[in-house]
2 protein chains.
Amino acid sequence: MHLDERERRRELYRLQAMLCQVLADPTRIELIELLGEGPKAVKELAQATGQRQAKISQHLAVLRQRGLVHAQRVGTEMHYSLTDPRILEACHLTRSLLLDQLLRQGELAESVLSERR
Amino acid sequence: MHLDERERRRELYRLQAMLCQVLADPTRIELIELLGEGPKAVKELAQATGQRQAKISQHLAVLRQRGLVHAQRVGTEMHYSLTDPRILEACHLTRSLLLDQLLRQGELAESVLSERR
DNA sequence: TTACTGTATTCGAATGCGCGAATATTCTAA
DNA sequence: TTAGAATATTCGCGCATTCGAATACAGTAA
């Protein structure tokens with residue numbers, strides 16, 4: 001199957017969108033952050049996030065299917081870890097982008113307020 | 001309204017997820033890439049992507065509402081531009097992450113194939 | 001004014017996602 | 001083998017998202 005240049009770029013954008021979709025959930029972001037500290041069992045993750053185990057497993061399944069995390073059996077537990085530290089980097093970059101946005105909005109709000117004084 | 005530490009972190013993750021959600025669409029990624037080259041009119045963007053104008057406007061509206069792009073009237077046209085070059089950076093980082101993943105999968109496929117020889 | 005170009009919005013249908021609840025699976029220890 | 005702990009999966013509902021089609025709106029030029 002041969003794709004021309006535009007189709008190849010489109011396909012890449014499609015895959016990239018799927019990757020971003022995985023990052024587009026607060027629970028999954030939290031899981032990635034926690035796994036950034038090192039491998040953890042499902043139970044630990046459930047405890048740390050305060051979420052029900054089934055929910056955590058569901059989100060871990062998504063991360064697993066997309067190849068962002070790796071699971072390993074240790075006795076009766078499953079230990080999850082990030083497959084690539086750059087996943088954490090990507091999270092941090094989008095977060096700093098977000099913080100800048102919030103900051104700018106804050107400044108905007110302040111300047112609007114100061115104009116009214 | 002006072003939030004404790006955990007709630008504040010949760011709220012941040014929620015906002016970050018919303019930001020990622022915006023990046024989780026192939027058309028929007030393409031628009032961001034195009035706007036990375038400089039400001040462009042809606043018509044240009046529609047042409048460059050080969051998508052219908054209404055669709056482009058819809059996606060631009062999403063980007064606008066989330067503060068990723070800025071719109072400016074120029075005569076009868078609307079010129080869109082990125083509000084922050086780091087948006088492009090974020091796109092590029094997730095893309096390189098994706099490419100690494102694809103590469104690794106490719107290597108895996110190759111090693112599986114070579115084992116069977 | 002009218003006509004035209006460029007852009008935005010609305011609507012409805014189809015699809016996809018996240019969640020809780022319930023259930024299944026897998027491993028270990030007795 | 002049975003019991004129990006840890007984890008995974010399935011199902012169904014409510015909600016959000018995307019798209020095309022149609023329509024509305026804004027600015028310009030005649």
# chains A, B, ... in the order shown; residues from 1 in each chain; ligands from 1
>>> residues_around(residues="segment 23-25 of chain C", least_positions_apart="5", cutoff="8 Å", atoms="only C-alpha atoms (C1' of nucleotides)", output="mmCIF file with C-alpha atoms (C1' of nucleotides), in the first residue's frame")
data_model
loop_
_atom_site.group_PDB
_atom_site.id
_atom_site.type_symbol
_atom_site.label_atom_id
_atom_site.label_comp_id
_atom_site.auth_asym_id
_atom_site.auth_seq_id
_atom_site.Cartn_x
_atom_site.Cartn_y
_atom_site.Cartn_z
ATOM 1 C "C1'" DA D 8 -9.359 -7.586 34.595
ATOM 2 C "C1'" DT D 9 -13.348 -7.481 31.794
ATOM 3 C "C1'" DT D 10 -18.137 -6.853 30.336
#
>>> closest_atom_pairs(of="chain C", to="chain A", cutoff="12 Å", atoms="only C-alpha atoms (C1' of nucleotides)", output="tab-separated table")
residue	atom	partner	partner_atom	distance
C:DG16	C1'	A:Gln21	CA	11.4
C:DC17	C1'	A:Asp25	CA	10.2
C:DG18	C1'	A:Lys55	CA	9.0
C:DC19	C1'	A:Lys55	CA	7.7
C:DG20	C1'	A:Lys55	CA	8.8
C:DA21	C1'	A:Ala54	CA	10.1
C:DA22	C1'	A:Ala54	CA	11.0
C:DT23	C1'	A:Ala54	CA	11.7
C:DT25	C1'	A:Thr76	CA	11.8
C:DT26	C1'	A:Thr76	CA	7.7
C:DC27	C1'	A:Thr76	CA	5.0
C:DT28	C1'	A:Thr76	CA	7.1
C:DA29	C1'	A:Thr76	CA	11.5
>>> interface_residues(of="chain A", to="chain B", cutoff="7 Å", atoms="only C-alpha atoms", output="list in words")
Tyr13, Arg14, Gln16, Ala17, Met18, Cys20, Gln21, Leu23, Ala24, Asp25, Pro26, Ile29, Glu30, Arg86, Ala90, Leu93, Thr94, Arg95, Leu97 and Leu98 of chain A
>>> atom_distance(atom1="atom C1' of DA6 of chain D", atom2="atom CA of Lys43 of chain A")
7.6 Å
>>> interface_residues(of="chain D", to="chain B", cutoff="9 Å", atoms="only C-alpha atoms (C1' of nucleotides)", output="number ranges by chain")
D: 19-20, 26-28
>>> select_by_dssp(residues="chain B", states="alpha helix (DSSP H)", output="VMD selection string")
chain B and resid 5 to 23 26 to 36 42 to 49 53 to 65 86 to 116
>>> select_by_dssp(residues="chain B", states="strand (DSSP E)", output="list of chain:residue names")
B:Lys40, B:Ala41, B:Val69, B:His70, B:Ala71, B:Gln72, B:Arg73, B:Val74, B:Glu77, B:Met78, B:His79, B:Tyr80, B:Ser81, B:Leu82
>>> residues_around(residues="DT10 of chain C", least_positions_apart="3", cutoff="10 Å", atoms="only C-alpha atoms (C1' of nucleotides)", output="list in words")
DA22, DT23 and DA24 of chain D
>>> atom_distance(atom1="atom CA of Leu82 of chain A", atom2="atom CA of Gly106 of chain B")
19.1 Å
>>> atom_distance(atom1="atom CA of His79 of chain B", atom2="atom CA of Ala109 of chain A")
24.8 Å
>>> residues_around(residues="Gln53 of chain B", least_positions_apart="2", cutoff="12 Å", atoms="only C-alpha atoms (C1' of nucleotides)", output="ChimeraX atom specification")
/B:41-51,55-60 /C:6-8 /D:20
>>> decode(residues="segment 60-82 of chain B", atoms="N, CA, C and O atoms", output="PDB file, in the first residue's frame")
ATOM      1  N   LEU B  60     -11.627  25.708  14.358  1.00  0.00           N
ATOM      2  CA  LEU B  60     -11.008  26.958  14.795  1.00  0.00           C
ATOM      3  C   LEU B  60     -11.746  27.516  16.010  1.00  0.00           C
ATOM      4  O   LEU B  60     -11.131  28.089  16.910  1.00  0.00           O
ATOM      5  N   ALA B  61     -13.043  27.317  16.032  1.00  0.00           N
ATOM      6  CA  ALA B  61     -13.831  27.797  17.171  1.00  0.00           C
ATOM      7  C   ALA B  61     -13.386  27.085  18.448  1.00  0.00           C
ATOM      8  O   ALA B  61     -13.253  27.708  19.506  1.00  0.00           O
ATOM      9  N   VAL B  62     -13.142  25.787  18.339  1.00  0.00           N
ATOM     10  CA  VAL B  62     -12.660  25.033  19.500  1.00  0.00           C
ATOM     11  C   VAL B  62     -11.319  25.579  19.963  1.00  0.00           C
ATOM     12  O   VAL B  62     -11.111  25.854  21.154  1.00  0.00           O
ATOM     13  N   LEU B  63     -10.416  25.775  19.019  1.00  0.00           N
ATOM     14  CA  LEU B  63      -9.083  26.285  19.349  1.00  0.00           C
ATOM     15  C   LEU B  63      -9.173  27.683  19.961  1.00  0.00           C
ATOM     16  O   LEU B  63      -8.425  28.035  20.872  1.00  0.00           O
ATOM     17  N   ARG B  64     -10.103  28.468  19.449  1.00  0.00           N
ATOM     18  CA  ARG B  64     -10.285  29.834  19.943  1.00  0.00           C
ATOM     19  C   ARG B  64     -10.819  29.818  21.373  1.00  0.00           C
ATOM     20  O   ARG B  64     -10.300  30.508  22.255  1.00  0.00           O
ATOM     21  N   GLN B  65     -11.867  29.024  21.574  1.00  0.00           N
ATOM     22  CA  GLN B  65     -12.484  28.961  22.907  1.00  0.00           C
ATOM     23  C   GLN B  65     -11.486  28.536  23.975  1.00  0.00           C
ATOM     24  O   GLN B  65     -11.564  28.977  25.116  1.00  0.00           O
ATOM     25  N   ARG B  66     -10.544  27.670  23.580  1.00  0.00           N
ATOM     26  CA  ARG B  66      -9.555  27.198  24.544  1.00  0.00           C
ATOM     27  C   ARG B  66      -8.334  28.105  24.589  1.00  0.00           C
ATOM     28  O   ARG B  66      -7.360  27.805  25.280  1.00  0.00           O
ATOM     29  N   GLY B  67      -8.378  29.178  23.804  1.00  0.00           N
ATOM     30  CA  GLY B  67      -7.300  30.165  23.863  1.00  0.00           C
ATOM     31  C   GLY B  67      -6.023  29.749  23.170  1.00  0.00           C
ATOM     32  O   GLY B  67      -4.968  30.324  23.418  1.00  0.00           O
ATOM     33  N   LEU B  68      -6.086  28.778  22.251  1.00  0.00           N
ATOM     34  CA  LEU B  68      -4.866  28.353  21.566  1.00  0.00           C
ATOM     35  C   LEU B  68      -4.562  29.212  20.353  1.00  0.00           C
ATOM     36  O   LEU B  68      -3.415  29.314  19.929  1.00  0.00           O
ATOM     37  N   VAL B  69      -5.610  29.781  19.778  1.00  0.00           N
ATOM     38  CA  VAL B  69      -5.403  30.655  18.635  1.00  0.00           C
ATOM     39  C   VAL B  69      -6.117  31.980  18.852  1.00  0.00           C
ATOM     40  O   VAL B  69      -6.999  32.109  19.707  1.00  0.00           O
ATOM     41  N   HIS B  70      -5.706  32.926  18.048  1.00  0.00           N
ATOM     42  CA  HIS B  70      -6.221  34.274  18.152  1.00  0.00           C
ATOM     43  C   HIS B  70      -6.743  34.663  16.777  1.00  0.00           C
ATOM     44  O   HIS B  70      -6.108  34.358  15.770  1.00  0.00           O
ATOM     45  N   ALA B  71      -7.893  35.310  16.704  1.00  0.00           N
ATOM     46  CA  ALA B  71      -8.477  35.686  15.417  1.00  0.00           C
ATOM     47  C   ALA B  71      -8.487  37.196  15.258  1.00  0.00           C
ATOM     48  O   ALA B  71      -8.724  37.924  16.221  1.00  0.00           O
ATOM     49  N   GLN B  72      -8.231  37.631  14.029  1.00  0.00           N
ATOM     50  CA  GLN B  72      -8.216  39.060  13.761  1.00  0.00           C
ATOM     51  C   GLN B  72      -8.859  39.341  12.411  1.00  0.00           C
ATOM     52  O   GLN B  72      -8.538  38.694  11.419  1.00  0.00           O
ATOM     53  N   ARG B  73      -9.743  40.292  12.397  1.00  0.00           N
ATOM     54  CA  ARG B  73     -10.400  40.645  11.136  1.00  0.00           C
ATOM     55  C   ARG B  73      -9.449  41.432  10.261  1.00  0.00           C
ATOM     56  O   ARG B  73      -8.810  42.387  10.719  1.00  0.00           O
ATOM     57  N   VAL B  74      -9.404  41.057   8.984  1.00  0.00           N
ATOM     58  CA  VAL B  74      -8.649  41.839   8.001  1.00  0.00           C
ATOM     59  C   VAL B  74      -9.553  41.959   6.792  1.00  0.00           C
ATOM     60  O   VAL B  74      -9.657  41.041   5.990  1.00  0.00           O
ATOM     61  N   GLY B  75     -10.240  43.105   6.710  1.00  0.00           N
ATOM     62  CA  GLY B  75     -11.224  43.267   5.648  1.00  0.00           C
ATOM     63  C   GLY B  75     -12.318  42.247   5.823  1.00  0.00           C
ATOM     64  O   GLY B  75     -12.909  42.127   6.900  1.00  0.00           O
ATOM     65  N   THR B  76     -12.525  41.464   4.801  1.00  0.00           N
ATOM     66  CA  THR B  76     -13.586  40.462   4.871  1.00  0.00           C
ATOM     67  C   THR B  76     -13.085  39.119   5.406  1.00  0.00           C
ATOM     68  O   THR B  76     -13.861  38.202   5.618  1.00  0.00           O
ATOM     69  N   GLU B  77     -11.782  39.058   5.599  1.00  0.00           N
ATOM     70  CA  GLU B  77     -11.201  37.789   6.062  1.00  0.00           C
ATOM     71  C   GLU B  77     -10.929  37.770   7.552  1.00  0.00           C
ATOM     72  O   GLU B  77     -10.811  38.808   8.183  1.00  0.00           O
ATOM     73  N   MET B  78     -10.810  36.575   8.093  1.00  0.00           N
ATOM     74  CA  MET B  78     -10.371  36.411   9.477  1.00  0.00           C
ATOM     75  C   MET B  78      -8.998  35.757   9.444  1.00  0.00           C
ATOM     76  O   MET B  78      -8.831  34.690   8.863  1.00  0.00           O
ATOM     77  N   HIS B  79      -8.045  36.395  10.080  1.00  0.00           N
ATOM     78  CA  HIS B  79      -6.703  35.831  10.128  1.00  0.00           C
ATOM     79  C   HIS B  79      -6.463  35.190  11.482  1.00  0.00           C
ATOM     80  O   HIS B  79      -6.580  35.852  12.507  1.00  0.00           O
ATOM     81  N   TYR B  80      -6.120  33.933  11.443  1.00  0.00           N
ATOM     82  CA  TYR B  80      -5.870  33.190  12.670  1.00  0.00           C
ATOM     83  C   TYR B  80      -4.377  33.016  12.896  1.00  0.00           C
ATOM     84  O   TYR B  80      -3.604  32.869  11.951  1.00  0.00           O
ATOM     85  N   SER B  81      -3.994  33.032  14.160  1.00  0.00           N
ATOM     86  CA  SER B  81      -2.588  32.781  14.499  1.00  0.00           C
ATOM     87  C   SER B  81      -2.506  32.098  15.862  1.00  0.00           C
ATOM     88  O   SER B  81      -3.437  32.162  16.662  1.00  0.00           O
ATOM     89  N   LEU B  82      -1.389  31.442  16.098  1.00  0.00           N
ATOM     90  CA  LEU B  82      -1.173  30.784  17.392  1.00  0.00           C
ATOM     91  C   LEU B  82      -0.932  31.834  18.469  1.00  0.00           C
ATOM     92  O   LEU B  82      -0.247  32.821  18.228  1.00  0.00           O
TER      93      LEU B  82
END
